[in-house]
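Data file: target34.json. Format and content: JSON, C-alpha atoms.
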[["chain", "number", "residue", "atom", "x", "y", "z"],
["M", 1, "MET", "CA", -18.58, 5.09, -0.21],
["M", 2, "THR", "CA", -19.78, 1.58, 0.40],
["M", 3, "THR", "CA", -22.50, 0.78, 2.89],
["M", 4, "MET", "CA", -20.37, -1.54, 4.99],
["M", 5, "THR", "CA", -20.54, -1.20, 8.73],
["M", 6, "ALA", "CA", -17.36, 0.67, 9.55],
["M", 7, "GLN", "CA", -14.91, -1.30, 11.66],
["M", 8, "THR", "CA", -14.17, -0.35, 15.24],
["M", 9, "THR", "CA", -10.53, -1.33, 14.77],
["M", 10, "GLN", "CA", -9.04, -0.32, 11.46],
["M", 11, "VAL", "CA", -5.58, -1.37, 10.32],
["M", 12, "TYR", "CA", -3.65, 0.23, 7.48],
["M", 13, "GLN", "CA", -0.18, -0.93, 6.53],
["M", 14, "LEU", "CA", 2.15, 0.15, 3.77],
["M", 15, "PHE", "CA", 5.81, 0.18, 2.79],
["M", 16, "ILE", "CA", 7.53, 3.45, 2.04],
["M", 17, "LYS", "CA", 10.94, 3.94, 0.45],
["M", 18, "ALA", "CA", 12.23, 6.32, 3.11],
["M", 19, "THR", "CA", 13.99, 6.10, 6.46],
["M", 20, "PRO", "CA", 11.99, 5.92, 9.72],
["M", 21, "ASP", "CA", 13.28, 9.43, 10.53],
["M", 22, "ARG", "CA", 11.80, 10.87, 7.36],
["M", 23, "VAL", "CA", 8.49, 9.09, 7.95],
["M", 24, "TRP", "CA", 8.42, 10.44, 11.51],
["M", 25, "GLU", "CA", 9.15, 13.94, 10.27],
["M", 26, "ALA", "CA", 6.42, 13.69, 7.66],
["M", 27, "ILE", "CA", 3.75, 12.73, 10.18],
["M", 28, "THR", "CA", 4.72, 15.15, 12.93],
["M", 29, "ARG", "CA", 5.72, 18.38, 11.17],
["M", 30, "PRO", "CA", 3.31, 20.88, 9.64],
["M", 31, "GLU", "CA", 5.48, 21.71, 6.62],
["M", 32, "PHE", "CA", 4.97, 18.09, 5.53],
["M", 33, "THR", "CA", 1.40, 17.44, 6.69],
["M", 34, "THR", "CA", 0.03, 20.40, 4.70],
["M", 35, "ARG", "CA", 1.17, 18.58, 1.56],
["M", 36, "TYR", "CA", -0.76, 15.35, 2.01],
["M", 37, "PHE", "CA", -3.05, 15.49, 5.09],
["M", 38, "PHE", "CA", -6.04, 17.36, 3.64],
["M", 39, "ALA", "CA", -3.80, 20.44, 3.65],
["M", 40, "SER", "CA", -3.89, 20.51, 7.44],
["M", 41, "ARG", "CA", -1.11, 21.89, 9.63],
["M", 42, "ILE", "CA", -0.39, 19.30, 12.29],
["M", 43, "GLU", "CA", 1.54, 20.55, 15.28],
["M", 44, "MET", "CA", 2.74, 18.49, 18.21],
["M", 45, "GLU", "CA", 3.31, 20.56, 21.29],
["M", 46, "ASP", "CA", 2.81, 20.34, 25.05],
["M", 47, "GLY", "CA", 1.53, 16.77, 24.82],
["M", 48, "ARG", "CA", -1.18, 17.74, 22.34],
["M", 49, "ARG", "CA", -1.52, 17.00, 18.66],
["M", 50, "ARG", "CA", -3.34, 19.87, 17.02],
["M", 51, "ALA", "CA", -4.51, 20.04, 13.43],
["M", 52, "TYR", "CA", -5.42, 23.30, 11.73],
["M", 53, "GLY", "CA", -7.30, 23.73, 8.48],
["M", 54, "PRO", "CA", -6.08, 26.03, 5.69],
["M", 55, "LYS", "CA", -7.83, 29.04, 7.25],
["M", 56, "GLY", "CA", -6.47, 28.28, 10.70],
["M", 57, "GLU", "CA", -9.64, 26.59, 11.92],
["M", 58, "LEU", "CA", -9.08, 23.92, 14.56],
["M", 59, "TRP", "CA", -9.68, 20.48, 13.02],
["M", 60, "GLY", "CA", -8.28, 18.41, 15.86],
["M", 61, "ASP", "CA", -6.88, 18.83, 19.36],
["M", 62, "SER", "CA", -6.05, 15.54, 21.02],
["M", 63, "ALA", "CA", -3.80, 14.21, 23.74],
["M", 64, "ILE", "CA", -0.57, 12.48, 22.75],
["M", 65, "LEU", "CA", -0.50, 9.21, 24.68],
["M", 66, "GLU", "CA", 2.93, 7.90, 23.61],
["M", 67, "GLU", "CA", 5.74, 9.51, 21.67],
["M", 68, "ASP", "CA", 8.83, 7.48, 20.83],
["M", 69, "PRO", "CA", 10.54, 8.97, 17.77],
["M", 70, "PRO", "CA", 10.99, 7.56, 15.17],
["M", 71, "ARG", "CA", 9.20, 4.35, 16.13],
["M", 72, "ARG", "CA", 5.86, 4.91, 17.72],
["M", 73, "LEU", "CA", 3.27, 7.59, 18.16],
["M", 74, "VAL", "CA", -0.07, 7.14, 19.89],
["M", 75, "HIS", "CA", -2.63, 9.88, 20.16],
["M", 76, "GLU", "CA", -6.32, 10.33, 20.75],
["M", 77, "TRP", "CA", -8.59, 11.20, 17.87],
["M", 78, "GLN", "CA", -11.60, 13.41, 17.65],
["M", 79, "GLY", "CA", -12.62, 15.13, 14.44],
["M", 80, "LEU", "CA", -13.47, 18.75, 15.17],
["M", 81, "TYR", "CA", -13.89, 19.50, 11.44],
["M", 82, "ASP", "CA", -17.47, 18.24, 11.55],
["M", 83, "PRO", "CA", -19.91, 18.84, 14.48],
["M", 84, "GLU", "CA", -21.36, 15.33, 14.13],
["M", 85, "LEU", "CA", -17.92, 13.78, 14.54],
["M", 86, "ALA", "CA", -16.92, 16.17, 17.31],
["M", 87, "ALA", "CA", -19.95, 14.99, 19.31],
["M", 88, "GLU", "CA", -18.76, 11.39, 19.27],
["M", 89, "GLU", "CA", -16.51, 9.68, 21.78],
["M", 90, "THR", "CA", -12.74, 9.96, 21.51],
["M", 91, "SER", "CA", -10.93, 7.18, 19.67],
["M", 92, "ARG", "CA", -7.25, 6.32, 19.35],
["M", 93, "VAL", "CA", -4.63, 6.34, 16.58],
["M", 94, "THR", "CA", -1.36, 4.38, 16.75],
["M", 95, "TRP", "CA", 1.46, 4.87, 14.24],
["M", 96, "GLU", "CA", 4.09, 2.12, 14.19],
["M", 97, "ILE", "CA", 7.22, 2.75, 12.16],
["M", 98, "GLU", "CA", 9.54, -0.22, 11.54],
["M", 99, "PRO", "CA", 12.69, -0.21, 9.40],
["M", 100, "GLN", "CA", 12.97, -3.00, 6.80],
["M", 101, "ASP", "CA", 15.76, -3.94, 4.43],
["M", 102, "ASP", "CA", 16.93, -1.71, 1.59],
["M", 103, "GLY", "CA", 15.92, 1.62, 3.08],
["M", 104, "VAL", "CA", 12.25, 0.69, 3.18],
["M", 105, "THR", "CA", 10.07, 1.49, 6.18],
["M", 106, "LYS", "CA", 6.93, -0.33, 7.20],
["M", 107, "LEU", "CA", 4.25, 1.99, 8.46],
["M", 108, "THR", "CA", 1.25, 0.56, 10.30],
["M", 109, "LEU", "CA", -1.59, 2.79, 11.36],
["M", 110, "VAL", "CA", -4.19, 1.40, 13.74],
["M", 111, "HIS", "CA", -7.28, 3.46, 14.44],
["M", 112, "ASP", "CA", -9.17, 1.75, 17.25],
["M", 113, "GLN", "CA", -11.46, 2.36, 20.20],
["M", 114, "LEU", "CA", -14.05, 3.48, 17.66],
["M", 115, "GLU", "CA", -16.95, 1.74, 19.43],
["M", 116, "GLY", "CA", -18.39, 5.05, 20.57],
["M", 117, "ALA", "CA", -17.73, 6.82, 17.30],
["M", 118, "PRO", "CA", -19.52, 5.08, 14.40],
["M", 119, "LYS", "CA", -19.67, 8.16, 12.18],
["M", 120, "THR", "CA", -15.99, 8.84, 12.76],
["M", 121, "ALA", "CA", -15.22, 5.20, 11.91],
["M", 122, "GLU", "CA", -17.02, 5.58, 8.60],
["M", 123, "SER", "CA", -15.50, 8.94, 7.83],
["M", 124, "VAL", "CA", -11.87, 8.02, 8.51],
["M", 125, "ALA", "CA", -11.94, 4.72, 6.59],
["M", 126, "GLY", "CA", -11.58, 6.42, 3.21],
["M", 127, "GLY", "CA", -9.65, 9.30, 4.73],
["M", 128, "TRP", "CA", -6.74, 7.25, 6.01],
["M", 129, "MET", "CA", -6.29, 5.54, 2.64],
["M", 130, "PHE", "CA", -6.11, 8.91, 0.95],
["M", 131, "VAL", "CA", -3.74, 10.35, 3.56],
["M", 132, "LEU", "CA", -1.38, 7.35, 3.63],
["M", 133, "SER", "CA", -1.28, 7.02, -0.13],
["M", 134, "GLY", "CA", -0.42, 10.73, -0.31],
["M", 135, "LEU", "CA", 2.23, 10.37, 2.40],
["M", 136, "LYS", "CA", 3.91, 7.56, 0.46],
["M", 137, "THR", "CA", 3.85, 9.52, -2.79],
["M", 138, "LEU", "CA", 5.23, 12.62, -1.09],
["M", 139, "LEU", "CA", 8.12, 10.77, 0.55],
["M", 140, "GLU", "CA", 8.98, 8.74, -2.53],
["M", 141, "THR", "CA", 8.64, 11.40, -5.21],
["M", 142, "GLY", "CA", 8.74, 14.68, -3.30],
["M", 143, "GLU", "CA", 5.40, 15.56, -4.89],
["M", 144, "PRO", "CA", 1.90, 15.53, -3.38],
["M", 145, "LEU", "CA", -0.48, 12.90, -4.80],
["M", 146, "GLY", "CA", -1.81, 13.95, -8.18],
["M", 147, "GLY", "CA", 0.38, 17.06, -8.04],
["W", 1, "MET", "CA", 8.15, -10.78, -7.63],
["W", 2, "THR", "CA", 7.21, -7.15, -6.99],
["W", 3, "ASP", "CA", 4.68, -6.04, -4.39],
["W", 4, "ASP", "CA", 2.09, -5.46, -7.11],
["W", 5, "ASP", "CA", 2.67, -8.96, -8.51],
["W", 6, "ARG", "CA", 2.00, -10.45, -5.09],
["W", 7, "VAL", "CA", -1.23, -8.48, -4.73],
["W", 8, "PHE", "CA", -2.53, -9.42, -8.18],
["W", 9, "LYS", "CA", -1.59, -13.05, -7.58],
["W", 10, "ALA", "CA", -3.28, -13.07, -4.18],
["W", 11, "LEU", "CA", -6.45, -11.58, -5.68],
["W", 12, "ALA", "CA", -6.49, -14.09, -8.54],
["W", 13, "ASP", "CA", -8.19, -16.73, -6.43],
["W", 14, "PRO", "CA", -11.87, -16.97, -5.43],
["W", 15, "THR", "CA", -11.19, -18.38, -1.95],
["W", 16, "ARG", "CA", -8.85, -15.54, -1.11],
["W", 17, "ARG", "CA", -11.30, -12.96, -2.43],
["W", 18, "PHE", "CA", -13.98, -14.66, -0.30],
["W", 19, "LEU", "CA", -11.75, -14.32, 2.77],
["W", 20, "LEU", "CA", -11.15, -10.64, 2.03],
["W", 21, "ASP", "CA", -14.89, -10.07, 1.68],
["W", 22, "ARG", "CA", -15.53, -11.74, 5.02],
["W", 23, "LEU", "CA", -12.96, -9.46, 6.65],
["W", 24, "HIS", "CA", -14.45, -6.48, 4.86],
["W", 25, "GLU", "CA", -17.78, -7.31, 6.52],
["W", 26, "ARG", "CA", -16.20, -7.71, 9.91],
["W", 27, "ASP", "CA", -12.55, -7.29, 10.71],
["W", 28, "GLY", "CA", -10.38, -8.76, 13.43],
["W", 29, "ARG", "CA", -11.34, -12.43, 13.02],
["W", 30, "THR", "CA", -9.48, -15.50, 14.20],
["W", 31, "LEU", "CA", -8.43, -18.37, 11.97],
["W", 32, "SER", "CA", -11.16, -20.56, 13.49],
["W", 33, "GLU", "CA", -13.87, -18.02, 12.66],
["W", 34, "LEU", "CA", -12.70, -17.71, 9.07],
["W", 35, "GLU", "CA", -12.31, -21.45, 8.73],
["W", 36, "SER", "CA", -15.91, -22.04, 9.83],
["W", 37, "GLU", "CA", -17.14, -20.15, 6.76],
["W", 38, "LEU", "CA", -15.27, -22.33, 4.28],
["W", 39, "GLU", "CA", -15.51, -25.95, 3.22],
["W", 40, "MET", "CA", -11.79, -26.37, 3.54],
["W", 41, "THR", "CA", -9.23, -27.82, 5.90],
["W", 42, "ARG", "CA", -7.63, -25.60, 8.50],
["W", 43, "PHE", "CA", -4.33, -26.09, 6.70],
["W", 44, "GLY", "CA", -5.87, -24.94, 3.41],
["W", 45, "VAL", "CA", -7.30, -21.77, 4.96],
["W", 46, "MET", "CA", -3.95, -21.06, 6.66],
["W", 47, "LYS", "CA", -2.19, -21.35, 3.32],
["W", 48, "HIS", "CA", -4.52, -18.84, 1.71],
["W", 49, "LEU", "CA", -4.22, -16.47, 4.65],
["W", 50, "ARG", "CA", -0.44, -16.66, 4.46],
["W", 51, "LEU", "CA", -0.53, -15.66, 0.78],
["W", 52, "LEU", "CA", -2.82, -12.75, 1.63],
["W", 53, "GLU", "CA", -0.47, -11.75, 4.43],
["W", 54, "ASP", "CA", 2.58, -11.95, 2.16],
["W", 55, "ALA", "CA", 0.80, -9.65, -0.26],
["W", 56, "GLY", "CA", 0.04, -7.26, 2.59],
["W", 57, "LEU", "CA", -3.71, -7.62, 2.08],
["W", 58, "VAL", "CA", -4.16, -9.14, 5.52],
["W", 59, "VAL", "CA", -2.37, -7.94, 8.64],
["W", 60, "THR", "CA", -2.41, -10.00, 11.83],
["W", 61, "ARG", "CA", -2.28, -8.58, 15.31],
["W", 62, "ARG", "CA", -2.18, -10.32, 18.64],
["W", 63, "SER", "CA", -4.88, -9.72, 21.18],
["W", 64, "GLY", "CA", -4.13, -11.70, 24.31],
["W", 65, "ARG", "CA", -3.79, -15.30, 23.19],
["W", 66, "GLU", "CA", -5.59, -14.74, 19.93],
["W", 67, "LYS", "CA", -4.21, -13.87, 16.54],
["W", 68, "LEU", "CA", -6.66, -11.58, 14.78],
["W", 69, "HIS", "CA", -6.79, -11.04, 11.03],
["W", 70, "TYR", "CA", -7.43, -7.58, 9.63],
["W", 71, "LEU", "CA", -8.06, -6.53, 6.08],
["W", 72, "ASN", "CA", -5.42, -4.03, 5.00],
["W", 73, "PRO", "CA", -6.95, -1.94, 2.22],
["W", 74, "MET", "CA", -3.72, -0.07, 1.37],
["W", 75, "PRO", "CA", -2.29, -2.40, -1.33],
["W", 76, "ILE", "CA", -5.57, -2.28, -3.26],
["W", 77, "ARG", "CA", -5.74, 1.48, -2.81],
["W", 78, "LEU", "CA", -2.18, 1.91, -4.10],
["W", 79, "ILE", "CA", -2.92, -0.30, -7.11],
["W", 80, "HIS", "CA", -6.05, 1.74, -7.68],
["W", 81, "ASP", "CA", -4.00, 4.95, -7.64],
["W", 82, "ARG", "CA", -1.36, 3.46, -9.91],
["W", 83, "TRP", "CA", -3.33, 1.30, -12.33],
["W", 84, "ILE", "CA", -6.98, 2.18, -12.31],
["W", 85, "ASP", "CA", -7.33, 5.89, -11.68],
["W", 86, "LYS", "CA", -5.41, 6.90, -14.77],
["W", 87, "TYR", "CA", -7.58, 4.80, -17.06],
["W", 88, "ARG", "CA", -10.71, 6.25, -15.59],
["W", 89, "GLU", "CA", -10.82, 9.24, -17.93],
["W", 90, "ARG", "CA", -14.13, 10.97, -18.33],
["W", 91, "TYR", "CA", -15.00, 9.33, -21.65],
["W", 92, "VAL", "CA", -14.30, 5.88, -20.27],
["W", 93, "SER", "CA", -16.69, 6.39, -17.39],
["W", 94, "ALA", "CA", -19.23, 7.95, -19.78],
["W", 95, "LEU", "CA", -19.08, 4.79, -21.88],
["W", 96, "ALA", "CA", -19.42, 2.62, -18.79],
["W", 97, "ASP", "CA", -22.47, 4.66, -17.74],
["W", 98, "LEU", "CA", -23.97, 4.22, -21.19],
["W", 99, "LYS", "CA", -23.35, 0.48, -21.05],
["W", 100, "ASN", "CA", -25.00, 0.22, -17.62],
["W", 101, "GLU", "CA", -27.95, 2.29, -18.73],
["W", 102, "LEU", "CA", -28.50, 0.22, -21.86],
["W", 103, "GLU", "CA", -28.22, -3.00, -19.91],
["W", 104, "GLU", "CA", -30.62, -1.83, -17.24],
["W", 105, "THR", "CA", -33.28, -0.57, -19.61],
["W", 106, "GLY", "CA", -32.75, -3.29, -22.20]]
Could you write out this file's structure as structure tokens?
Amino acid sequence: MTTMTAQTTQVYQLFIKATPDRVWEAITRPEFTTRYFFASRIEMEDGRRRAYGPKGELWGDSAILEEDPPRRLVHEWQGLYDPELAAEETSRVTWEIEPQDDGVTKLTLVHDQLEGAPKTAESVAGGWMFVLSGLKTLLETGEPLGG
Amino acid sequence: MTDDDRVFKALADPTRRFLLDRLHERDGRTLSELESELEMTRFGVMKHLRLLEDAGLVVTRRSGREKLHYLNPMPIRLIHDRWIDKYRERYVSALADLKNELEETG
């Protein structure tokens, strides 16, 4: 990792050859998330977004703030997979899904409100790139990244 | 032009790399802030920012009346995955290490 000061608003944008529905499915259903999101099972239920590690350990349990399938999902973020991150303030993740021409979808992920979570900001910077790159590969090839 | 072409073309310019480095240091800057760091007209900086935006390397978002510029690392990451990772076999990095070591001690 570099020694840059991690940003308190981080923006990640990419184009994926898939419909908005498929992108939505891939970010909200555990059978997809286990294949690119650090093998975590992400479940959205009762207004909560919960992430479980491979052994069932709770990696995240945050409130869903907005849910507008297949366009927009906003949820809080707190990493429970590391005590140092779990001790930090809650931040926010926004997924924006916009259809483009030719069956391509623009996905923008904004992780902000990281002012009270500097360690989280540093930790997720590389993490999101890995996750989103894997999501794109999965949707476009049906295979996990490097798989 | 493919997406990769646009990214390589956008990166093939020192002013645009300078702008990316400034955003890497601190994200969410306005045009005026970025302009103040360059000996260049506002129009010139806008032109470079537009090329970076077309390549997806910079994403702008509105905050009130301001337009903020963010570095989007995804295109570089995807090029890394596609073009760089596969050439980074163990022996290549071993040779690079050897080169660095020789240059440092030499």
Report, in Å with one decimal, the straight-line distance from atom CA of Arg17 of chain W to atom CA of Arg77 of chain W.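 Atom CA of Arg17 of chain W sits 15.5 Å away from atom CA of Arg77 of chain W.
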Within 8 Å of segment 16-26 of chain M using only C-alpha atoms, minus same-chain residues under 3 positions, as a count of residues only: 18
Applying 12 Å and only C-alpha atoms, which residues near Leu38 of chain W remain after dropping the ones on its own chain fewer than 2 positions away? List them as an MDAnalysis selection string. chainID W and resid 14:16 18:19 22 31:36 40:46 48
Name the closest residue to chain W among the candidates M:Tyr52, M:Ser123, M:Val110, M:Glu115; distances are taken between atoms, counting only C-alpha atoms.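 Checking each of M:Tyr52, M:Ser123, M:Val110, M:Glu115 against chain W, counting only C-alpha atoms, the winner is M:Val110.
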Just the number, please: distance in Å from atom CA of Asp85 of chain W to atom CA of Glu122 of chain M, one decimal.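 Between atom CA of Asp85 of chain W and atom CA of Glu122 of chain M the gap works out to 22.5 Å.
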Interface residues on chain M facing chain W, 7 Å, all atoms listed in the file, written as a PDB file with C-alpha atoms, in the coordinates of the input:
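Dumped everything to part_12.pdb:
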ATOM      1  CA  MET M   4     -20.370  -1.540   4.990  1.00  0.00           C
ATOM      2  CA  GLN M   7     -14.910  -1.300  11.660  1.00  0.00           C
ATOM      3  CA  VAL M  11      -5.580  -1.370  10.320  1.00  0.00           C
ATOM      4  CA  TYR M  12      -3.650   0.230   7.480  1.00  0.00           C
ATOM      5  CA  GLN M  13      -0.180  -0.930   6.530  1.00  0.00           C
ATOM      6  CA  LEU M  14       2.150   0.150   3.770  1.00  0.00           C
ATOM      7  CA  MET M 129      -6.290   5.540   2.640  1.00  0.00           C
ATOM      8  CA  SER M 133      -1.280   7.020  -0.130  1.00  0.00           C
TER       9      SER M 133
END
Interatomic distance, atom CA of Gln78 of chain M to atom CA of Arg41 of chain M (Å, one decimal): 15.7 Å
Each side padded by 5 Å, which centre and which edge lengths in Å (one decimal) define the axis-aligned box around the listed atoms of segment 115-131 of chain M? Give them as JSON.
{"center_x": -11.7, "center_y": 6.0, "center_z": 10.8, "size_x": 25.9, "size_y": 18.6, "size_z": 29.6}
My list of candidates is M:Glu66, M:Gly127, M:Gly134, M:Thr120. Which is closest to Leu80 of chain M when distances are computed with all atoms listed in the file?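 Ranked by minimum distance to Leu80 of chain M, first place goes to M:Thr120.
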Identify, on the basis of all atoms listed in the file, every residue whose closest approach to segment 88-96 of chain M does not exceed 7 Å; exclude the query and any residue fewer than 3 positions from it along the same chain; express the result as a ChimeraX atom specification. /M:71-78,84-85,107-114,116-117
Out of W:Ala96, W:Leu49, W:Met1, W:Val7, which residue has the shortest atom-to-atom distance to His80 of chain W when counting only C-alpha atoms?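 That would be W:Val7, the residue with the smallest distance to His80 of chain W.
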